[in-house]
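Report on the following structure.
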Amino acid sequence: MIKIILIIMSVFILYCMIETARELRDFRLTKYRICSPKLNGIRGTKKIIFLSDLHNRMYGKENERLLESIKNQHPDLILIGGDMLVRKDGNSYDRTVRFLEKLPAICPVYCANGNHEQKLKELPDKYEQSYEGYKKALTACGIYMLENASETVRLDEAPVRISGLEIPLGAYARLGKKDLPLKEITDRIGEHGEEYQILLAHHPGYIQEYLEYGADLILSGHYHGGVMQLPGIGGVISPDFTLFPKYSGGIYREGAQTVVVSRGLGTHSVPVRLWNWPELIVLELSGTSEEM
């Protein structure tokens, strides 16, 4: 009996290793439909690509497979949610920049920072890589950087406010959740207004605070899908060691508000994924109609 159990365990471990290797080689396309009466000015549907947590990962030479998948969706906007690079020394972001520089030729691109970019910016003496160099390269090619800032775009006749929020670095502590008062958010990006607002807020551990703020669509990442996704449960563990985080990856409807948490395109520190494919997210926005 023990021998049979050991064989079963060995086969399962081998399967997990093979599946992890398979999931680390490719990504999947994830589509969500989002409807709101605030978007009734849209004629038909507008398509937004959401990129998050690439961490310098390459899918094909110069990320050609990822770039081709983005082009094939014919997006109206591309939104970047942060952690496209790795801040640690010895992890050059040059190839990531070359990939990002190609995106504005497809459609307008708006970029917010994750904790990796934010640490490069706020702690410049600690790392060999330059945040200013990264930002300069992105803005030079036409990418709009949202560092605690907002821009309003029009999707047909619907005004949409895109906000990039950088929370205090202390909120990314690995153990224990820090307070994030509503005033901390409004002091950084202003009050929520009448326009449909998309909030790029990298850390999903503060979704309740973002909902209280009032954003209509909240886009986060950071948790990498919780490393392993269990059916009916979700992600297993977050980077701050929260077990079974509520918002680990997927779409969540909270009344009239919507939360989308990306499982990310790359990995960092723990290069493991199980039943948790990297994903390229496509958001299809429209006015009030039957949700798909």
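Residues in the structure tokens are named by chain (A, B, ... in the order shown) and by number from 1 within that chain; ligands are numbered from 1 in the order shown.
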What's around Gln197 in chain A at 12 Å? Count only C-alpha atoms, leave out sequence neighbours fewer than 3 positions away in its own chain, and write the answer as an mmCIF file with N, CA, C and O atoms, in the first residue's frame.
```
data_model
loop_
_atom_site.group_PDB
_atom_site.id
_atom_site.type_symbol
_atom_site.label_atom_id
_atom_site.label_comp_id
_atom_site.auth_asym_id
_atom_site.auth_seq_id
_atom_site.Cartn_x
_atom_site.Cartn_y
_atom_site.Cartn_z
ATOM 1 N N SER A 36 -21.357 49.498 -18.693
ATOM 2 C CA SER A 36 -21.734 50.530 -17.730
ATOM 3 C C SER A 36 -22.556 51.603 -18.437
ATOM 4 O O SER A 36 -22.249 51.967 -19.580
ATOM 5 N N LYS A 38 -22.372 54.581 -17.855
ATOM 6 C CA LYS A 38 -21.450 55.695 -18.076
ATOM 7 C C LYS A 38 -20.726 55.580 -19.419
ATOM 8 O O LYS A 38 -20.098 56.540 -19.876
ATOM 9 N N LEU A 39 -20.810 54.395 -20.026
ATOM 10 C CA LEU A 39 -20.137 54.154 -21.299
ATOM 11 C C LEU A 39 -21.111 54.130 -22.466
ATOM 12 O O LEU A 39 -20.779 53.649 -23.557
ATOM 13 N N SER A 150 -3.706 61.430 -13.626
ATOM 14 C CA SER A 150 -4.846 60.965 -14.416
ATOM 15 C C SER A 150 -4.859 61.668 -15.772
ATOM 16 O O SER A 150 -4.385 62.797 -15.912
ATOM 17 N N GLU A 151 -5.419 60.980 -16.749
ATOM 18 C CA GLU A 151 -5.658 61.554 -18.072
ATOM 19 C C GLU A 151 -7.060 61.132 -18.504
ATOM 20 O O GLU A 151 -7.492 60.007 -18.239
ATOM 21 N N THR A 152 -7.757 62.048 -19.169
ATOM 22 C CA THR A 152 -9.084 61.723 -19.684
ATOM 23 C C THR A 152 -9.012 61.515 -21.198
ATOM 24 O O THR A 152 -8.455 62.351 -21.917
ATOM 25 N N VAL A 153 -9.541 60.382 -21.631
ATOM 26 C CA VAL A 153 -9.615 60.069 -23.061
ATOM 27 C C VAL A 153 -11.091 59.945 -23.438
ATOM 28 O O VAL A 153 -11.954 59.791 -22.570
ATOM 29 N N ARG A 154 -11.367 59.999 -24.716
ATOM 30 C CA ARG A 154 -12.743 59.818 -25.181
ATOM 31 C C ARG A 154 -12.817 58.547 -26.016
ATOM 32 O O ARG A 154 -12.050 58.369 -26.970
ATOM 33 N N ALA A 158 -17.882 58.827 -25.053
ATOM 34 C CA ALA A 158 -17.794 58.534 -23.613
ATOM 35 C C ALA A 158 -16.452 59.002 -23.056
ATOM 36 O O ALA A 158 -15.395 58.485 -23.455
ATOM 37 N N PRO A 159 -16.455 59.984 -22.119
ATOM 38 C CA PRO A 159 -15.196 60.375 -21.480
ATOM 39 C C PRO A 159 -14.787 59.329 -20.449
ATOM 40 O O PRO A 159 -15.598 58.878 -19.642
ATOM 41 N N VAL A 160 -13.525 58.934 -20.498
ATOM 42 C CA VAL A 160 -12.994 57.926 -19.577
ATOM 43 C C VAL A 160 -11.734 58.483 -18.934
ATOM 44 O O VAL A 160 -10.789 58.895 -19.618
ATOM 45 N N ARG A 161 -11.737 58.502 -17.603
ATOM 46 C CA ARG A 161 -10.579 58.986 -16.858
ATOM 47 C C ARG A 161 -9.718 57.805 -16.457
ATOM 48 O O ARG A 161 -10.188 56.855 -15.806
ATOM 49 N N ILE A 162 -8.453 57.842 -16.845
ATOM 50 C CA ILE A 162 -7.502 56.781 -16.518
ATOM 51 C C ILE A 162 -6.551 57.314 -15.455
ATOM 52 O O ILE A 162 -5.894 58.337 -15.653
ATOM 53 N N SER A 163 -6.496 56.634 -14.323
ATOM 54 C CA SER A 163 -5.675 57.098 -13.194
ATOM 55 C C SER A 163 -4.654 56.040 -12.823
ATOM 56 O O SER A 163 -4.973 54.854 -12.744
ATOM 57 N N GLY A 164 -3.429 56.490 -12.590
ATOM 58 C CA GLY A 164 -2.375 55.594 -12.127
ATOM 59 C C GLY A 164 -2.025 55.921 -10.689
ATOM 60 O O GLY A 164 -1.589 57.036 -10.387
ATOM 61 N N ILE A 189 -4.325 61.114 -6.190
ATOM 62 C CA ILE A 189 -4.912 61.168 -7.535
ATOM 63 C C ILE A 189 -6.199 61.983 -7.608
ATOM 64 O O ILE A 189 -6.852 62.013 -8.654
ATOM 65 N N GLY A 190 -6.577 62.647 -6.532
ATOM 66 C CA GLY A 190 -7.775 63.468 -6.558
ATOM 67 C C GLY A 190 -9.040 62.672 -6.293
ATOM 68 O O GLY A 190 -9.026 61.443 -6.199
ATOM 69 N N GLU A 191 -10.140 63.380 -6.172
ATOM 70 C CA GLU A 191 -11.436 62.740 -5.899
ATOM 71 C C GLU A 191 -11.950 62.004 -7.132
ATOM 72 O O GLU A 191 -11.669 62.388 -8.267
ATOM 73 N N HIS A 192 -12.736 60.961 -6.880
ATOM 74 C CA HIS A 192 -13.446 60.291 -7.970
ATOM 75 C C HIS A 192 -14.553 61.216 -8.464
ATOM 76 O O HIS A 192 -15.292 61.800 -7.671
ATOM 77 N N GLY A 193 -14.651 61.384 -9.794
ATOM 78 C CA GLY A 193 -15.630 62.302 -10.367
ATOM 79 C C GLY A 193 -16.774 61.607 -11.062
ATOM 80 O O GLY A 193 -17.087 60.438 -10.801
ATOM 81 N N GLU A 194 -17.413 62.319 -11.982
ATOM 82 C CA GLU A 194 -18.586 61.803 -12.694
ATOM 83 C C GLU A 194 -18.203 60.916 -13.865
ATOM 84 O O GLU A 194 -18.991 60.089 -14.320
ATOM 85 N N LEU A 200 -5.666 52.230 -12.329
ATOM 86 C CA LEU A 200 -4.541 51.307 -12.374
ATOM 87 C C LEU A 200 -3.883 51.336 -10.994
ATOM 88 O O LEU A 200 -3.206 52.300 -10.639
ATOM 89 N N TYR A 210 -9.802 50.703 -2.754
ATOM 90 C CA TYR A 210 -10.040 51.252 -4.085
ATOM 91 C C TYR A 210 -11.543 51.334 -4.386
ATOM 92 O O TYR A 210 -12.016 52.285 -5.011
ATOM 93 N N LEU A 211 -12.290 50.332 -3.929
ATOM 94 C CA LEU A 211 -13.738 50.349 -4.118
ATOM 95 C C LEU A 211 -14.367 51.501 -3.342
ATOM 96 O O LEU A 211 -15.266 52.183 -3.837
ATOM 97 N N TYR A 213 -12.954 54.230 -2.653
ATOM 98 C CA TYR A 213 -12.591 55.441 -3.388
ATOM 99 C C TYR A 213 -13.616 55.724 -4.481
ATOM 100 O O TYR A 213 -13.960 56.867 -4.749
ATOM 101 N N GLY A 214 -14.123 54.666 -5.136
ATOM 102 C CA GLY A 214 -15.217 54.848 -6.074
ATOM 103 C C GLY A 214 -14.915 54.578 -7.524
ATOM 104 O O GLY A 214 -15.788 54.770 -8.390
ATOM 105 N N ALA A 215 -13.701 54.145 -7.871
ATOM 106 C CA ALA A 215 -13.372 53.885 -9.275
ATOM 107 C C ALA A 215 -14.344 52.867 -9.866
ATOM 108 O O ALA A 215 -14.765 51.914 -9.203
ATOM 109 N N ASP A 216 -14.679 53.072 -11.129
ATOM 110 C CA ASP A 216 -15.639 52.183 -11.793
ATOM 111 C C ASP A 216 -14.993 50.855 -12.196
ATOM 112 O O ASP A 216 -15.617 49.798 -12.099
ATOM 113 N N LEU A 217 -13.751 50.924 -12.669
ATOM 114 C CA LEU A 217 -13.028 49.722 -13.083
ATOM 115 C C LEU A 217 -11.637 49.782 -12.455
ATOM 116 O O LEU A 217 -10.885 50.729 -12.675
ATOM 117 N N ILE A 218 -11.312 48.775 -11.664
ATOM 118 C CA ILE A 218 -10.024 48.706 -10.968
ATOM 119 C C ILE A 218 -9.194 47.604 -11.605
ATOM 120 O O ILE A 218 -9.641 46.455 -11.717
ATOM 121 N N LEU A 219 -7.985 47.949 -12.028
ATOM 122 C CA LEU A 219 -7.086 46.990 -12.663
ATOM 123 C C LEU A 219 -5.849 46.811 -11.802
ATOM 124 O O LEU A 219 -5.126 47.774 -11.522
ATOM 125 N N GLN A 257 -19.410 48.412 -9.681
ATOM 126 C CA GLN A 257 -17.965 48.476 -9.910
ATOM 127 C C GLN A 257 -17.423 47.114 -10.341
ATOM 128 O O GLN A 257 -17.985 46.068 -10.015
ATOM 129 N N THR A 258 -16.311 47.168 -11.066
ATOM 130 C CA THR A 258 -15.688 45.948 -11.564
ATOM 131 C C THR A 258 -14.215 45.945 -11.195
ATOM 132 O O THR A 258 -13.537 46.967 -11.298
ATOM 133 N N VAL A 259 -13.726 44.799 -10.773
ATOM 134 C CA VAL A 259 -12.312 44.608 -10.457
ATOM 135 C C VAL A 259 -11.762 43.522 -11.376
ATOM 136 O O VAL A 259 -12.360 42.455 -11.518
#
```
Could you give me, as a PyMOL selection string, each residue of range 96-290 of chain A that DSSP assigns to helix (DSSP H, G or I) when run on this structure's backbone? chain A and resi 96-100+103-105+115-122+124-126+131-140+169-172+182-189+204-213+224-226
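Of the listed residues (A:Tyr93, A:Phe27, A:Tyr131, A:Phe50), A:Phe50 comes nearest to Ser220 in chain A; the distances count only C-alpha atoms.
The interatomic distance for the pair CA of Tyr127 in chain A and CA of Gly205 in chain A works out to 25.9 Å.
Candidate residues A:Leu280, A:Ile233, A:Asp53, A:Leu199 were compared for distance to Glu68 in chain A, and the nearest is A:Leu280, using only C-alpha atoms.
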Neighbour list for Thr96 in chain A as a list in words, cut-off 9 Å, only C-alpha atoms, skip fewer than 2 positions in-chain: Leu54, His55, Asn56, Arg57, Met58, Glu62, Asn63, Met84, Leu85, Ser92, Tyr93, Asp94, Arg98, Phe99, Leu100 and Glu101 of chain A
How would the residues just chosen look if you wrote them out with C-alpha atoms as a compact mmCIF listing (two decimals), in the first residue's frame?
```txt
# COMPACT_ATOMS: atom_id res chain seq x y z
CA LEU A 54 5.88 41.03 -17.38
CA HIS A 55 9.08 41.12 -15.28
CA ASN A 56 11.31 41.22 -18.39
CA ARG A 57 9.83 37.97 -19.68
CA MET A 58 10.28 37.32 -23.41
CA GLU A 62 12.14 40.57 -28.76
CA ASN A 63 8.72 39.45 -27.45
CA MET A 84 7.14 45.23 -16.42
CA LEU A 85 10.78 44.99 -15.27
CA SER A 92 18.52 44.76 -17.50
CA TYR A 93 15.20 46.20 -18.71
CA ASP A 94 16.59 47.03 -22.18
CA ARG A 98 12.39 47.78 -26.85
CA PHE A 99 9.14 45.80 -26.67
CA LEU A 100 7.20 48.62 -25.00
CA GLU A 101 8.50 51.16 -27.52
```
Can you work out which one of A:Lys121, A:Lys135, A:Lys71, A:Arg273 has the shortest atom-to-atom distance to Pro104 in chain A, counting only C-alpha atoms? A:Lys71
